[in-house]
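A.B. asks: What follows is upload-v3.pdb; its format and atoms are PDB, C-alpha atoms.
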ATOM      1  CA  MET H   1     -18.846  10.550  13.410
ATOM      2  CA  GLY H   2     -16.662  13.530  12.607
ATOM      3  CA  ALA H   3     -14.940  14.535   9.374
ATOM      4  CA  ALA H   4     -11.612  13.144  10.650
ATOM      5  CA  GLU H   5     -13.074   9.645  10.957
ATOM      6  CA  ASP H   6     -14.664   9.885   7.516
ATOM      7  CA  LYS H   7     -11.416  11.049   5.960
ATOM      8  CA  LEU H   8      -9.492   8.223   7.602
ATOM      9  CA  ASP H   9     -12.044   5.662   6.372
ATOM     10  CA  ILE H  10     -11.852   7.084   2.856
ATOM     11  CA  LEU H  11      -8.045   7.025   2.862
ATOM     12  CA  GLU H  12      -8.193   3.366   3.899
ATOM     13  CA  LEU H  13     -10.725   2.673   1.131
ATOM     14  CA  LEU H  14      -8.326   4.203  -1.408
ATOM     15  CA  SER H  15      -5.521   2.042   0.001
ATOM     16  CA  ARG H  16      -7.695  -1.053  -0.277
ATOM     17  CA  TYR H  17      -7.908  -0.360  -3.983
ATOM     18  CA  ALA H  18      -4.114  -0.568  -4.247
ATOM     19  CA  HIS H  19      -3.875  -3.794  -2.260
ATOM     20  CA  ALA H  20      -6.623  -5.327  -4.390
ATOM     21  CA  ALA H  21      -5.123  -4.114  -7.666
ATOM     22  CA  ASP H  22      -1.643  -5.439  -7.046
ATOM     23  CA  GLY H  23      -2.258  -9.111  -7.307
ATOM     24  CA  ALA H  24      -0.283 -10.688  -4.494
ATOM     25  CA  PHE H  25      -3.191 -10.509  -2.069
ATOM     26  CA  GLY H  26      -5.837  -9.086  -4.354
ATOM     27  CA  THR H  27      -8.595 -10.725  -6.343
ATOM     28  CA  ALA H  28     -10.977  -9.421  -8.960
ATOM     29  CA  GLU H  29     -13.733  -9.518  -6.324
ATOM     30  CA  SER H  30     -11.729  -7.566  -3.747
ATOM     31  CA  TRP H  31     -10.976  -5.005  -6.470
ATOM     32  CA  ALA H  32     -14.681  -4.661  -7.287
ATOM     33  CA  ASP H  33     -15.531  -4.504  -3.552
ATOM     34  CA  VAL H  34     -14.003  -1.027  -3.418
ATOM     35  CA  PHE H  35     -16.703   0.231  -5.805
ATOM     36  CA  THR H  36     -20.442   0.670  -5.338
ATOM     37  CA  ASP H  37     -22.571  -1.953  -7.117
ATOM     38  CA  ASP H  38     -23.093   0.528  -9.970
ATOM     39  CA  GLY H  39     -19.538   1.897  -9.708
ATOM     40  CA  ILE H  40     -17.610   3.142 -12.755
ATOM     41  CA  PHE H  41     -13.938   2.722 -13.618
ATOM     42  CA  HIS H  42     -12.978   5.209 -16.325
ATOM     43  CA  ALA H  43      -9.364   4.807 -17.377
ATOM     44  CA  ARG H  44      -6.673   5.343 -19.899
ATOM     45  CA  ALA H  45      -3.690   4.830 -17.601
ATOM     46  CA  GLY H  46      -2.298   1.321 -17.859
ATOM     47  CA  GLN H  47      -4.833   0.421 -20.531
ATOM     48  CA  ALA H  48      -4.351   0.009 -24.257
ATOM     49  CA  ASP H  49      -7.396   2.176 -24.901
ATOM     50  CA  GLU H  50      -9.833   4.263 -22.955
ATOM     51  CA  VAL H  51     -12.174   2.048 -20.963
ATOM     52  CA  ILE H  52     -15.424   2.762 -19.161
ATOM     53  CA  ILE H  53     -16.454  -0.175 -16.996
ATOM     54  CA  ARG H  54     -19.756   0.093 -15.147
ATOM     55  CA  GLY H  55     -21.318  -2.193 -12.560
ATOM     56  CA  ARG H  56     -20.020  -4.927 -10.293
ATOM     57  CA  GLU H  57     -20.226  -7.845 -12.750
ATOM     58  CA  ARG H  58     -18.379  -5.983 -15.481
ATOM     59  CA  LEU H  59     -15.804  -4.686 -13.009
ATOM     60  CA  ILE H  60     -15.066  -8.244 -11.882
ATOM     61  CA  ALA H  61     -14.812  -9.485 -15.478
ATOM     62  CA  PHE H  62     -12.518  -6.588 -16.374
ATOM     63  CA  ALA H  63     -10.246  -7.135 -13.364
ATOM     64  CA  THR H  64     -10.074 -10.865 -14.057
ATOM     65  CA  ARG H  65      -8.818 -10.140 -17.590
ATOM     66  CA  VAL H  66      -6.299  -7.517 -16.456
ATOM     67  CA  PHE H  67      -4.928  -9.673 -13.627
ATOM     68  CA  LEU H  68      -4.537 -12.639 -15.982
ATOM     69  CA  THR H  69      -2.529 -10.541 -18.404
ATOM     70  CA  ARG H  70      -0.296  -9.286 -15.647
ATOM     71  CA  GLY H  71       0.382 -12.737 -14.221
ATOM     72  CA  GLY H  72       0.749 -14.305 -17.652
ATOM     73  CA  ARG H  73       3.908 -14.740 -19.640
ATOM     74  CA  ALA H  74       3.427 -11.635 -21.736
ATOM     75  CA  ALA H  75       4.142  -9.261 -18.862
ATOM     76  CA  PRO H  76       5.222 -11.149 -15.755
ATOM     77  CA  ARG H  77       5.706  -8.661 -12.998
ATOM     78  CA  GLN H  78       4.704  -7.660  -9.510
ATOM     79  CA  ASN H  79       3.032  -4.333  -9.829
ATOM     80  CA  ARG H  80       2.539  -1.861  -6.995
ATOM     81  CA  HIS H  81       0.146   1.043  -6.952
ATOM     82  CA  HIS H  82       1.582   3.580  -4.540
ATOM     83  CA  GLN H  83      -1.079   6.079  -3.659
ATOM     84  CA  CYS H  84      -0.617   9.144  -1.559
ATOM     85  CA  THR H  85      -1.027  12.871  -1.376
ATOM     86  CA  THR H  86      -4.810  12.768  -1.255
ATOM     87  CA  VAL H  87      -6.737  16.011  -1.184
ATOM     88  CA  PHE H  88     -10.433  16.311  -0.438
ATOM     89  CA  GLN H  89     -12.092  18.611  -2.939
ATOM     90  CA  GLU H  90     -15.431  18.082  -1.278
ATOM     91  CA  LEU H  91     -16.663  16.222   1.786
ATOM     92  CA  THR H  92     -20.233  16.094   3.013
ATOM     93  CA  ALA H  93     -22.004  13.604   5.294
ATOM     94  CA  ASP H  94     -22.474  11.132   2.440
ATOM     95  CA  ARG H  95     -20.311  12.251  -0.513
ATOM     96  CA  ALA H  96     -16.659  12.964  -1.125
ATOM     97  CA  HIS H  97     -14.621  14.067  -4.100
ATOM     98  CA  THR H  98     -10.908  13.366  -3.842
ATOM     99  CA  ARG H  99      -7.746  13.592  -5.906
ATOM    100  CA  THR H 100      -4.972  11.107  -5.162
ATOM    101  CA  TYR H 101      -1.505  10.749  -6.654
ATOM    102  CA  LEU H 102      -0.563   7.393  -8.109
ATOM    103  CA  MET H 103       2.862   6.014  -8.887
ATOM    104  CA  THR H 104       3.188   2.434 -10.003
ATOM    105  CA  THR H 105       6.363   0.427  -9.574
ATOM    106  CA  ASN H 106       7.096  -2.828 -11.348
ATOM    107  CA  VAL H 107       9.384  -5.606 -10.200
ATOM    108  CA  ALA H 108      11.008  -7.435 -13.069
ATOM    109  CA  GLU H 109      13.655 -10.099 -13.402
ATOM    110  CA  SER H 110      17.072  -9.311 -11.870
ATOM    111  CA  ALA H 111      16.473  -5.603 -11.619
ATOM    112  CA  PRO H 112      15.401  -3.229  -8.872
ATOM    113  CA  PRO H 113      11.795  -2.036  -9.105
ATOM    114  CA  LEU H 114      11.216   0.622 -11.708
ATOM    115  CA  VAL H 115       8.723   3.448 -11.591
ATOM    116  CA  GLY H 116       6.051   2.789 -14.205
ATOM    117  CA  LEU H 117       3.455   5.455 -14.559
ATOM    118  CA  THR H 118       2.455   8.441 -12.532
ATOM    119  CA  SER H 119      -0.964   9.954 -12.516
ATOM    120  CA  VAL H 120      -3.836  11.303 -10.454
ATOM    121  CA  TYR H 121      -6.951   9.400  -9.459
ATOM    122  CA  GLU H 122     -10.115  11.452  -9.383
ATOM    123  CA  ASP H 123     -12.757   9.794  -7.245
ATOM    124  CA  GLU H 124     -16.407  10.351  -6.468
ATOM    125  CA  ILE H 125     -17.043   8.480  -3.240
ATOM    126  CA  VAL H 126     -20.350   7.835  -1.484
ATOM    127  CA  ARG H 127     -21.371   6.515   1.883
ATOM    128  CA  THR H 128     -23.283   3.224   1.606
ATOM    129  CA  GLY H 129     -24.750   0.805   4.127
ATOM    130  CA  GLN H 130     -21.390  -1.014   3.992
ATOM    131  CA  GLY H 131     -19.289   2.103   4.434
ATOM    132  CA  TRP H 132     -17.637   4.446   1.937
ATOM    133  CA  ARG H 133     -17.336   3.164  -1.644
ATOM    134  CA  ILE H 134     -16.073   4.559  -4.943
ATOM    135  CA  GLN H 135     -18.901   5.447  -7.300
ATOM    136  CA  TYR H 136     -16.715   6.863 -10.058
ATOM    137  CA  ARG H 137     -12.951   6.598 -10.530
ATOM    138  CA  LYS H 138     -11.135   8.333 -13.351
ATOM    139  CA  ILE H 139      -7.478   7.726 -14.124
ATOM    140  CA  TRP H 140      -5.494   9.297 -16.974
ATOM    141  CA  PRO H 141      -1.746   8.782 -17.439
ATOM    142  CA  ASP H 142       0.592  11.755 -17.079
ATOM    143  CA  VAL H 143       2.181  11.051 -20.472
ATOM    144  CA  ARG H 144       0.809   9.696 -23.697
ATOM    145  CA  GLY H 145       3.761   7.314 -24.003
ATOM    146  CA  VAL H 146       2.220   5.052 -21.390
ATOM    147  CA  LEU H 147      -0.577   4.263 -23.795
ATOM    148  CA  ALA H 148       1.885   3.337 -26.535
ATOM    149  CA  ASP H 149       3.773   1.099 -24.073
ATOM    150  CA  ALA H 150       0.576  -0.655 -23.108
ATOM    151  CA  ARG H 151      -0.242  -1.341 -26.760
ATOM    152  CA  ARG H 152       3.108  -2.991 -27.410
ATOM    153  CA  LYS H 153       2.574  -5.607 -24.671
TER
ATOM    154  CA  MET M   1     -10.297   7.309  22.376
ATOM    155  CA  GLY M   2     -11.962   6.121  19.198
ATOM    156  CA  ILE M   3     -10.709   3.718  16.579
ATOM    157  CA  ALA M   4      -9.640   6.627  14.334
ATOM    158  CA  ASP M   5      -7.200   7.815  17.020
ATOM    159  CA  ASP M   6      -5.858   4.282  17.354
ATOM    160  CA  LYS M   7      -5.377   3.916  13.591
ATOM    161  CA  LEU M   8      -3.587   7.260  13.369
ATOM    162  CA  GLU M   9      -1.284   6.255  16.222
ATOM    163  CA  ILE M  10      -0.561   2.917  14.521
ATOM    164  CA  MET M  11       0.272   4.638  11.229
ATOM    165  CA  GLU M  12       2.679   6.858  13.122
ATOM    166  CA  LEU M  13       4.188   3.783  14.780
ATOM    167  CA  ILE M  14       4.783   2.316  11.312
ATOM    168  CA  SER M  15       6.401   5.598  10.213
ATOM    169  CA  ARG M  16       8.538   5.680  13.357
ATOM    170  CA  TYR M  17      10.065   2.351  12.389
ATOM    171  CA  SER M  18      11.224   3.881   9.090
ATOM    172  CA  HIS M  19      12.627   6.969  10.773
ATOM    173  CA  ALA M  20      14.484   4.935  13.421
ATOM    174  CA  PHE M  21      15.766   2.225  11.072
ATOM    175  CA  ASP M  22      16.776   4.578   8.261
ATOM    176  CA  GLY M  23      18.319   6.905  10.844
ATOM    177  CA  GLY M  24      20.533   4.081  12.095
ATOM    178  CA  ASP M  25      19.015   4.020  15.583
ATOM    179  CA  ALA M  26      18.666   0.316  16.448
ATOM    180  CA  ASP M  27      17.686   1.028  20.074
ATOM    181  CA  SER M  28      14.752   3.284  19.163
ATOM    182  CA  CYS M  29      13.701   0.873  16.465
ATOM    183  CA  ALA M  30      13.694  -2.112  18.850
ATOM    184  CA  ALA M  31      11.739  -0.064  21.408
ATOM    185  CA  LEU M  32       8.815   0.122  18.956
ATOM    186  CA  PHE M  33       8.226  -3.590  19.564
ATOM    187  CA  THR M  34       6.508  -5.204  22.538
ATOM    188  CA  ASP M  35       8.836  -6.919  25.020
ATOM    189  CA  ASP M  36       8.294 -10.223  23.195
ATOM    190  CA  GLY M  37       8.062  -8.567  19.754
ATOM    191  CA  THR M  38       9.214 -10.484  16.693
ATOM    192  CA  LEU M  39      10.743  -9.334  13.416
ATOM    193  CA  ALA M  40      10.542 -11.768  10.533
ATOM    194  CA  GLU M  41      11.280 -11.715   6.831
ATOM    195  CA  ARG M  42       9.485 -13.799   4.278
ATOM    196  CA  GLU M  43      11.570 -16.067   2.088
ATOM    197  CA  GLY M  44       9.431 -17.943  -0.383
ATOM    198  CA  ARG M  45       6.413 -18.946   1.662
ATOM    199  CA  GLN M  46       8.161 -19.020   5.021
ATOM    200  CA  ASP M  47       8.640 -16.317   7.627
ATOM    201  CA  MET M  48      12.240 -16.424   8.818
ATOM    202  CA  VAL M  49      12.500 -14.944  12.323
ATOM    203  CA  ARG M  50      15.319 -12.391  12.551
ATOM    204  CA  GLY M  51      14.861 -11.529  16.211
ATOM    205  CA  ARG M  52      12.509 -11.915  19.153
ATOM    206  CA  GLY M  53      12.548  -9.590  22.164
ATOM    207  CA  HIS M  54      14.367  -6.268  22.514
ATOM    208  CA  LYS M  55      17.846  -7.749  22.969
ATOM    209  CA  GLU M  56      17.750  -9.934  19.869
ATOM    210  CA  LEU M  57      16.077  -7.197  17.849
ATOM    211  CA  LYS M  58      18.797  -4.689  18.723
ATOM    212  CA  ILE M  59      21.512  -7.142  17.648
ATOM    213  CA  HIS M  60      19.778  -7.888  14.361
ATOM    214  CA  LEU M  61      18.899  -4.272  13.573
ATOM    215  CA  SER M  62      22.423  -3.059  14.423
ATOM    216  CA  ALA M  63      23.870  -5.657  12.057
ATOM    217  CA  GLU M  64      21.460  -4.593   9.292
ATOM    218  CA  ILE M  65      22.360  -0.952   9.820
ATOM    219  CA  ALA M  66      26.115  -1.749   9.727
ATOM    220  CA  LYS M  67      25.657  -3.765   6.511
ATOM    221  CA  ARG M  68      24.398  -0.790   4.519
ATOM    222  CA  GLY M  69      27.793   0.965   4.622
ATOM    223  CA  GLY M  70      27.548   4.503   3.310
ATOM    224  CA  THR M  71      24.148   4.019   1.685
ATOM    225  CA  GLN M  72      21.316   6.122   3.084
ATOM    226  CA  PRO M  73      18.050   4.219   2.816
ATOM    227  CA  ARG M  74      14.530   5.622   3.147
ATOM    228  CA  HIS M  75      11.582   3.325   3.665
ATOM    229  CA  HIS M  76       8.568   5.222   2.385
ATOM    230  CA  VAL M  77       5.375   3.743   3.794
ATOM    231  CA  ARG M  78       1.839   4.251   2.557
ATOM    232  CA  ASN M  79      -1.466   2.562   1.756
ATOM    233  CA  THR M  80      -2.042   1.096   5.207
ATOM    234  CA  ILE M  81      -5.107  -1.114   5.463
ATOM    235  CA  TYR M  82      -6.351  -3.049   8.452
ATOM    236  CA  THR M  83      -7.278  -6.706   8.090
ATOM    237  CA  GLU M  84      -8.147  -6.912  11.789
ATOM    238  CA  ALA M  85      -9.088  -3.983  13.984
ATOM    239  CA  ASN M  86      -9.999  -4.503  17.631
ATOM    240  CA  ALA M  87      -9.665  -2.303  20.691
ATOM    241  CA  ASN M  88      -6.357  -3.857  21.788
ATOM    242  CA  HIS M  89      -5.090  -5.703  18.754
ATOM    243  CA  MET M  90      -4.862  -4.925  15.045
ATOM    244  CA  VAL M  91      -3.255  -6.337  11.922
ATOM    245  CA  ALA M  92      -2.148  -3.817   9.327
ATOM    246  CA  ARG M  93      -0.718  -4.185   5.847
ATOM    247  CA  THR M  94       1.388  -1.315   4.567
ATOM    248  CA  TYR M  95       3.266  -0.792   1.319
ATOM    249  CA  TYR M  96       6.907   0.115   1.524
ATOM    250  CA  LEU M  97       9.047   1.615  -1.182
ATOM    251  CA  ALA M  98      12.737   1.650  -0.277
ATOM    252  CA  THR M  99      15.138   4.067  -1.858
ATOM    253  CA  GLY M 100      18.865   4.390  -1.348
ATOM    254  CA  VAL M 101      21.490   7.053  -1.917
ATOM    255  CA  ALA M 102      24.831   5.295  -2.342
ATOM    256  CA  GLY M 103      27.043   8.280  -1.604
ATOM    257  CA  GLU M 104      27.891  11.925  -2.093
ATOM    258  CA  GLY M 105      26.544  13.340  -5.347
ATOM    259  CA  GLN M 106      24.577  10.171  -6.130
ATOM    260  CA  LEU M 107      20.918  10.129  -7.066
ATOM    261  CA  ALA M 108      18.484   8.050  -5.060
ATOM    262  CA  THR M 109      17.323   4.835  -6.694
ATOM    263  CA  VAL M 110      14.447   2.550  -5.847
ATOM    264  CA  THR M 111      15.971  -0.490  -4.143
ATOM    265  CA  GLY M 112      12.912  -2.519  -3.206
ATOM    266  CA  THR M 113       9.176  -2.686  -2.772
ATOM    267  CA  GLY M 114       6.954  -4.885  -0.670
ATOM    268  CA  ILE M 115       4.603  -5.105   2.261
ATOM    269  CA  PHE M 116       5.038  -4.754   5.990
ATOM    270  CA  GLU M 117       2.507  -6.943   7.751
ATOM    271  CA  ASP M 118       2.256  -5.723  11.324
ATOM    272  CA  GLU M 119       0.473  -7.278  14.235
ATOM    273  CA  VAL M 120       0.204  -4.489  16.782
ATOM    274  CA  ALA M 121      -0.928  -4.483  20.388
ATOM    275  CA  ARG M 122      -2.017  -1.792  22.811
ATOM    276  CA  THR M 123       0.353  -1.546  25.763
ATOM    277  CA  PRO M 124       0.443   0.869  28.716
ATOM    278  CA  GLU M 125       3.055   2.835  26.699
ATOM    279  CA  GLY M 126       0.854   2.988  23.608
ATOM    280  CA  TRP M 127       0.613   0.810  20.499
ATOM    281  CA  ARG M 128       3.616  -1.424  19.848
ATOM    282  CA  ILE M 129       4.594  -3.970  17.208
ATOM    283  CA  LYS M 130       4.034  -7.535  18.346
ATOM    284  CA  ARG M 131       5.155  -9.004  15.067
ATOM    285  CA  ARG M 132       6.435  -7.468  11.854
ATOM    286  CA  SER M 133       6.742  -9.629   8.768
ATOM    287  CA  ILE M 134       8.694  -7.996   5.981
ATOM    288  CA  ILE M 135       7.323  -9.362   2.705
ATOM    289  CA  PRO M 136       9.563  -8.214  -0.158
ATOM    290  CA  ASP M 137       8.074  -8.396  -3.633
ATOM    291  CA  PRO M 138       9.495 -11.487  -5.298
ATOM    292  CA  ARG M 139      11.493 -11.026  -8.459
ATOM    293  CA  ILE M 140       9.733 -12.970 -11.134
ATOM    294  CA  PRO M 141      12.055 -15.225 -13.146
TER
END
Render the structure in this file as structure tokens.
C.D. replies:
Amino acid sequence: MGAAEDKLDILELLSRYAHAADGAFGTAESWADVFTDDGIFHARAGQADEVIIRGRERLIAFATRVFLTRGGRAAPRQNRHHQCTTVFQELTADRAHTRTYLMTTNVAESAPPLVGLTSVYEDEIVRTGQGWRIQYRKIWPDVRGVLADARRK
Amino acid sequence: MGIADDKLEIMELISRYSHAFDGGDADSCAALFTDDGTLAEREGRQDMVRGRGHKELKIHLSAEIAKRGGTQPRHHVRNTIYTEANANHMVARTYYLATGVAGEGQLATVTGTGIFEDEVARTPEGWRIKRRSIIPDPRIP
């Protein structure tokens, strides 16, 4: 398999993250499926505080909590993670390091979707028996204000 | 031709729809569908069929294009994933983010987000859309 196939598979993996994260079709399990069993989600963007979540069980528990909050009355909205503009910093036969732009949009009541946060995902991706998976994902917001917004909710 | 080539061609097919529709070219847009291709839009839980076959699709797409008046839309597509991927048939889900410029000197605004769910088929002319369901994100009351 050539580098083009690997890159295409990895781009689809990154897209699967978005589909899983956005609720309508996603589940906590499908969100965790994008990671390796010992995968790490290291985030400040969209979170009240910095979080480091490691391992499949904790990832599922974390996603369950986050998805509940989003679907609950406190912040009812359809959220979209638009990802694009991926660059490959490194690609070998079984490892990749990528940077991917993120822009979230939120649909609220009687208003067109609004752009939420923008940021860059940094991913360490490895080839597993089940295909490419994220071993480490880091996401920081572009502005500190996003953190303050998250706290108010 | 491997599956990577097919997926790249399908992503370009999905982009071609945006270019044709946003460019106001109903004929080119309809030609991206198979002869019996269907365009539907989800309302609640139901897919409402807007057109089936090239003739109906052209009528529907022309009407949609006329409706927009002076607004220039752009349907940005990204994050395509495949829920089925076979040699001659695939199902893809793609995010769209629609923007519109209402007129001279106006800034673009986001007008809608959602998912295009596309059933695509290999034809002698290349990959074509057998069924597109437009699934707009519901506004939450």
A.B. asks: Run the PyMOL selection byres ((chain H) within 6 of (chain M)) mentally over the shown coordinates, then write out the matched residues as a list in words, using the chain letters and numbers from the document.
C.D. replies: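 What the PyMOL selection byres ((chain H) within 6 of (chain M)) grabs from the file is Glu5, Glu12, Ser15, Ala108, Glu109 and Pro112 of chain H.
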A.B. asks: Take the selection from the previous step and output its residues with C-alpha atoms, as a CSV table (one decimal), keeping the file's coordinate frame.
C.D. replies:
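Final file, selection_28.csv:
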chain,number,residue,atom,x,y,z
H,5,GLU,CA,-13.1,9.6,11.0
H,12,GLU,CA,-8.2,3.4,3.9
H,15,SER,CA,-5.5,2.0,0.0
H,108,ALA,CA,11.0,-7.4,-13.1
H,109,GLU,CA,13.7,-10.1,-13.4
H,112,PRO,CA,15.4,-3.2,-8.9
A.B. asks: Show me, as a PyMOL selection string, the residues that have an atom within 10 Å of Arg68 of chain M when counting all atoms listed in the file, minus same-chain residues fewer than 3 positions from it.
C.D. replies: chain M and resi 24+63-65+71-73+100+102
A.B. asks: Next, dump the selected residues to file, keeping only C-alpha atoms, as an mmCIF file, keeping the file's coordinate frame.
C.D. replies:
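Listed below is the output, again.cif:
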data_model
loop_
_atom_site.group_PDB
_atom_site.id
_atom_site.type_symbol
_atom_site.label_atom_id
_atom_site.label_comp_id
_atom_site.auth_asym_id
_atom_site.auth_seq_id
_atom_site.Cartn_x
_atom_site.Cartn_y
_atom_site.Cartn_z
ATOM 1 C CA GLY M 24 20.533 4.081 12.095
ATOM 2 C CA ALA M 63 23.870 -5.657 12.057
ATOM 3 C CA GLU M 64 21.460 -4.593 9.292
ATOM 4 C CA ILE M 65 22.360 -0.952 9.820
ATOM 5 C CA THR M 71 24.148 4.019 1.685
ATOM 6 C CA GLN M 72 21.316 6.122 3.084
ATOM 7 C CA PRO M 73 18.050 4.219 2.816
ATOM 8 C CA GLY M 100 18.865 4.390 -1.348
ATOM 9 C CA ALA M 102 24.831 5.295 -2.342
#
A.B. asks: Report as a PDB file with C-alpha atoms, in the frame of the given file the residues that result from applying the PyMOL selection byres ((chain M and resi 11-18) around 8) to the structure here.
C.D. replies:
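And here is the file that came out, result.pdb:
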ATOM      1  CA  LYS M   7      -5.377   3.916  13.591  1.00  0.00           C
ATOM      2  CA  LEU M   8      -3.587   7.260  13.369  1.00  0.00           C
ATOM      3  CA  GLU M   9      -1.284   6.255  16.222  1.00  0.00           C
ATOM      4  CA  ILE M  10      -0.561   2.917  14.521  1.00  0.00           C
ATOM      5  CA  HIS M  19      12.627   6.969  10.773  1.00  0.00           C
ATOM      6  CA  ALA M  20      14.484   4.935  13.421  1.00  0.00           C
ATOM      7  CA  PHE M  21      15.766   2.225  11.072  1.00  0.00           C
ATOM      8  CA  ASP M  22      16.776   4.578   8.261  1.00  0.00           C
ATOM      9  CA  GLY M  23      18.319   6.905  10.844  1.00  0.00           C
ATOM     10  CA  CYS M  29      13.701   0.873  16.465  1.00  0.00           C
ATOM     11  CA  LEU M  32       8.815   0.122  18.956  1.00  0.00           C
ATOM     12  CA  ARG M  74      14.530   5.622   3.147  1.00  0.00           C
ATOM     13  CA  HIS M  75      11.582   3.325   3.665  1.00  0.00           C
ATOM     14  CA  HIS M  76       8.568   5.222   2.385  1.00  0.00           C
ATOM     15  CA  VAL M  77       5.375   3.743   3.794  1.00  0.00           C
ATOM     16  CA  THR M  80      -2.042   1.096   5.207  1.00  0.00           C
ATOM     17  CA  TRP M 127       0.613   0.810  20.499  1.00  0.00           C
ATOM     18  CA  ARG M 128       3.616  -1.424  19.848  1.00  0.00           C
TER      19      ARG M 128
END
A.B. asks: Could you please determine the separation between atom CA of Asp33 of chain H and atom CA of Glu122 of chain H in Å, to one decimal place?
C.D. replies: 17.8 Å
A.B. asks: Once the PyMOL selection byres ((chain H and resi 97-104) around 8) has been applied to the shown file, what residues remain in the selection, as number ranges by chain?
C.D. replies: H: 79-91, 95-96, 105-106, 115-125
A.B. asks: Calculate how many Å separate atom CA of Glu119 of chain M from atom CA of Ala92 of chain M, rounding to one decimal.
C.D. replies: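 Rounded to one decimal, the two atoms are 6.6 Å apart.
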